[in-house]
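Beneath this line is the structure, given in structure tokens, with notes to follow.
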Amino acid sequence: MGARKKVTVIGAGNVGATTAQRLAERDFYDVVMVDIIDGLPQGKALDLRESGPVEGYDSLVIGSNSYEETANSDVVVITSGIARKPGMSRDDLINTNAGIVRQVTESVVKYSPNCIIIVVSNPLDAMTQLAWKASGFPKNRVIGMAGVLDSARFKHFIAEALNVSVEDVNAFVLGGHGDTMVPLPRYSTVAGIPITELLPEEKVKAICDRTANGGAEVVALLKTGSAYYAPASSAAAMVDSILLDKKRIMPTATLLEGEYGISGLFVGVPCKLGINGVEQIIEITLTAEEDAALKKSAAAVNELVEIIRLKVTDIGL
């Protein structure tokens, strides 16, 4: 690989392969895709390289079943793990995915000790906390993807309800990536106008509820898998902000140490993402109701962390 920034994607399933595609098409990065299934990452990588002449990108995409090819990656996106099936919550995934994420993280760190890790695997906030502990990295270099995705869903539903361009919509979601997430209508706007002035209260509530269940809605429709286009786009946007040092303010899962009255947990809050990873946690003023909802969401994350702590006792979650 040449002088381009190097991004590794762990997992060549729908989320991983689509993330690799999004990154390759940007033409800023070279991409390594790793999966345990023989031939799967190699075949998808070849297919992506063969798309380059049509799409007009020169990104080098390599598929591998080992981690040697990932050496000296700038960013590693972890998508590994089993996907949700209908009727299965993100929390149901914890037993299997905890073992996968731990093993993957340890392998990543061995070959790329200076990388920034973005976790996409579910249940996301707890898996990010596990990856942070397993990596031994400082907290700014291990980040959970979820808030970008949840906000994108919120933006889409707002734009759909008002029949406006998504480009004019800004939406805000805090908390864990699950049913307890906290969409914030007061901070969500269309061309600077709060949506609470544009939509009736019952419609705003319906949009917030749909956002919180956005992943489950896709799972129920697909029947054999979970969302991957929007998660992949969200992860790629985070890579851009980090490696291009754009310093975008993005809602991401980061370790809180007193911010928002929460300590010792990875929870989704607005962060400035730049070349050093999480460069700043942005604290906003919450109403008593919003604060209580965020604390409830953090408590739900903590329950999952406690489950992992009982199963993985040797790394001190």
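Note on naming: chains are A, B, ... as they come in the structure tokens, residues start from 1 per chain, ligands start from 1 in the order shown.
Residues lying within 7 Å of stretch 128-136 of chain A, counting only C-alpha atoms and ignoring same-chain neighbours fewer than 3 positions away, are Val101, Arg102, Thr105, Glu106, Val109, Val119, Leu124, Asp125, Lys139, Val142, Ile143, Gly144, Phe266, Ile315 and Leu317 of chain A.
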Export, as a short mmCIF file (atom, residue, chain, number, x, y, z; two decimals), in the first residue's frame, the selected residues with all heavy atoms.
```
data_model
loop_
_atom_site.label_atom_id
_atom_site.label_comp_id
_atom_site.auth_asym_id
_atom_site.auth_seq_id
_atom_site.Cartn_x
_atom_site.Cartn_y
_atom_site.Cartn_z
N VAL A 101 -15.72 -9.68 19.80
CA VAL A 101 -15.14 -8.33 19.84
C VAL A 101 -13.84 -8.31 20.62
O VAL A 101 -12.87 -7.64 20.24
CB VAL A 101 -16.17 -7.33 20.41
CG1 VAL A 101 -15.51 -5.98 20.73
CG2 VAL A 101 -17.32 -7.12 19.42
N ARG A 102 -13.79 -9.06 21.71
CA ARG A 102 -12.55 -9.10 22.49
C ARG A 102 -11.41 -9.67 21.66
O ARG A 102 -10.31 -9.09 21.61
CB ARG A 102 -12.75 -9.92 23.75
CG ARG A 102 -11.47 -9.98 24.57
CD ARG A 102 -11.61 -10.82 25.81
NE ARG A 102 -10.35 -10.81 26.55
CZ ARG A 102 -10.16 -11.44 27.69
NH1 ARG A 102 -11.13 -12.14 28.23
NH2 ARG A 102 -9.00 -11.39 28.30
N THR A 105 -10.37 -7.26 18.86
CA THR A 105 -9.66 -6.08 19.36
C THR A 105 -8.21 -6.41 19.70
O THR A 105 -7.29 -5.66 19.36
CB THR A 105 -10.37 -5.51 20.60
OG1 THR A 105 -11.71 -5.17 20.25
CG2 THR A 105 -9.65 -4.28 21.12
N GLU A 106 -7.99 -7.53 20.36
CA GLU A 106 -6.63 -7.92 20.73
C GLU A 106 -5.77 -8.14 19.49
O GLU A 106 -4.59 -7.78 19.46
CB GLU A 106 -6.67 -9.17 21.60
CG GLU A 106 -7.26 -8.89 23.00
CD GLU A 106 -7.51 -10.14 23.81
OE1 GLU A 106 -7.47 -11.25 23.22
OE2 GLU A 106 -7.75 -10.03 25.03
N VAL A 109 -4.95 -4.62 17.89
CA VAL A 109 -3.94 -3.88 18.66
C VAL A 109 -2.55 -4.44 18.40
O VAL A 109 -1.56 -3.69 18.35
CB VAL A 109 -4.29 -3.92 20.15
CG1 VAL A 109 -3.14 -3.38 21.00
CG2 VAL A 109 -5.57 -3.13 20.42
N VAL A 119 -16.21 1.11 16.78
CA VAL A 119 -16.97 -0.12 17.00
C VAL A 119 -18.38 0.03 16.44
O VAL A 119 -19.07 1.02 16.73
CB VAL A 119 -17.03 -0.46 18.50
CG1 VAL A 119 -17.84 -1.74 18.74
CG2 VAL A 119 -15.63 -0.63 19.08
N LEU A 124 -23.98 -2.06 20.99
CA LEU A 124 -22.87 -1.21 20.63
C LEU A 124 -22.15 -0.56 21.80
O LEU A 124 -20.93 -0.58 21.87
CB LEU A 124 -23.34 -0.14 19.64
CG LEU A 124 -22.17 0.66 19.06
CD1 LEU A 124 -22.28 0.79 17.57
CD2 LEU A 124 -22.07 2.02 19.72
N ASP A 125 -22.86 0.06 22.69
CA ASP A 125 -22.21 0.80 23.78
C ASP A 125 -21.38 -0.14 24.66
O ASP A 125 -20.24 0.16 25.01
CB ASP A 125 -23.26 1.54 24.61
CG ASP A 125 -24.14 2.40 23.75
OD1 ASP A 125 -23.77 3.56 23.50
OD2 ASP A 125 -25.20 1.90 23.29
N LYS A 139 -9.06 6.62 26.04
CA LYS A 139 -10.47 6.63 25.69
C LYS A 139 -10.77 7.37 24.39
O LYS A 139 -11.75 7.04 23.71
CB LYS A 139 -11.30 7.23 26.81
CG LYS A 139 -11.09 8.72 27.05
CD LYS A 139 -12.04 9.23 28.11
CE LYS A 139 -11.98 10.75 28.22
NZ LYS A 139 -12.97 11.27 29.19
N VAL A 142 -11.04 4.96 21.13
CA VAL A 142 -12.04 3.90 20.96
C VAL A 142 -13.42 4.55 20.99
O VAL A 142 -13.79 5.17 21.99
CB VAL A 142 -11.92 2.83 22.06
CG1 VAL A 142 -12.93 1.71 21.82
CG2 VAL A 142 -10.51 2.25 22.10
N ILE A 143 -14.16 4.41 19.89
CA ILE A 143 -15.37 5.19 19.70
C ILE A 143 -16.48 4.28 19.18
O ILE A 143 -16.25 3.43 18.32
CB ILE A 143 -15.14 6.32 18.67
CG1 ILE A 143 -13.82 7.06 18.95
CG2 ILE A 143 -16.32 7.29 18.66
CD1 ILE A 143 -13.38 7.96 17.81
N GLY A 144 -17.70 4.47 19.69
CA GLY A 144 -18.85 3.72 19.20
C GLY A 144 -19.62 4.51 18.15
O GLY A 144 -19.81 5.73 18.28
N PHE A 266 -19.54 4.05 28.47
CA PHE A 266 -19.60 4.56 27.10
C PHE A 266 -21.07 4.83 26.76
O PHE A 266 -21.89 3.91 26.73
CB PHE A 266 -19.01 3.56 26.11
CG PHE A 266 -17.53 3.64 25.98
CD1 PHE A 266 -16.69 3.11 26.96
CD2 PHE A 266 -16.94 4.28 24.89
CE1 PHE A 266 -15.31 3.19 26.85
CE2 PHE A 266 -15.56 4.36 24.77
CZ PHE A 266 -14.75 3.82 25.75
N ILE A 315 -10.34 -8.74 32.49
CA ILE A 315 -9.85 -7.50 31.91
C ILE A 315 -10.43 -6.27 32.62
O ILE A 315 -10.21 -5.15 32.20
CB ILE A 315 -10.14 -7.41 30.39
CG1 ILE A 315 -11.63 -7.40 30.09
CG2 ILE A 315 -9.45 -8.50 29.65
CD1 ILE A 315 -11.93 -7.08 28.64
N LEU A 317 -13.58 -4.72 33.39
CA LEU A 317 -14.54 -3.75 32.87
C LEU A 317 -15.02 -2.81 33.98
O LEU A 317 -15.41 -1.71 33.69
CB LEU A 317 -15.74 -4.45 32.25
CG LEU A 317 -15.58 -4.99 30.84
CD1 LEU A 317 -16.85 -5.69 30.42
CD2 LEU A 317 -15.25 -3.89 29.87
#
```
List as JSON lines every residue of stretch 151-251 of chain A that is in contact with stretch 298-312 of chain A, defined as an atom at most 9 Å from one of its atoms (using only C-alpha atoms), together with the nearest atom pair and the distance in Å rounded to one decimal, sorted by chain and then rising number.
```
{"residue": "A:Gly175", "atom": "CA", "partner": "A:Ala298", "partner_atom": "CA", "distance": 6.5}
{"residue": "A:Gly176", "atom": "CA", "partner": "A:Val301", "partner_atom": "CA", "distance": 6.3}
{"residue": "A:His177", "atom": "CA", "partner": "A:Val301", "partner_atom": "CA", "distance": 8.7}
{"residue": "A:Gly178", "atom": "CA", "partner": "A:Ala300", "partner_atom": "CA", "distance": 8.9}
{"residue": "A:Thr180", "atom": "CA", "partner": "A:Ala300", "partner_atom": "CA", "distance": 7.4}
```
So which bits of stretch 37-202 of chain A end up alpha helix (DSSP H) when you DSSP the backbone, as a ChimeraX atom specification?
-> /A:40-55,94-111,124-135,146-162,201-202
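The residue set within 6 Å of A:Gly268, counting only C-alpha atoms and dropping same-chain residues fewer than 4 places from it, reads Gly147, Leu174, Gly175, Gly176, Pro251, Thr252 and Ala253 of chain A.
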DSSP-assigned strand (DSSP E) among stretch 15-88 of chain A, expressed as a list in words | Tyr29, Asp30, Val31, Val32, Met33, Val34, Val61, Ile62, Gly63, Ser64, Val75, Val76, Val77 and Ile78 of chain A
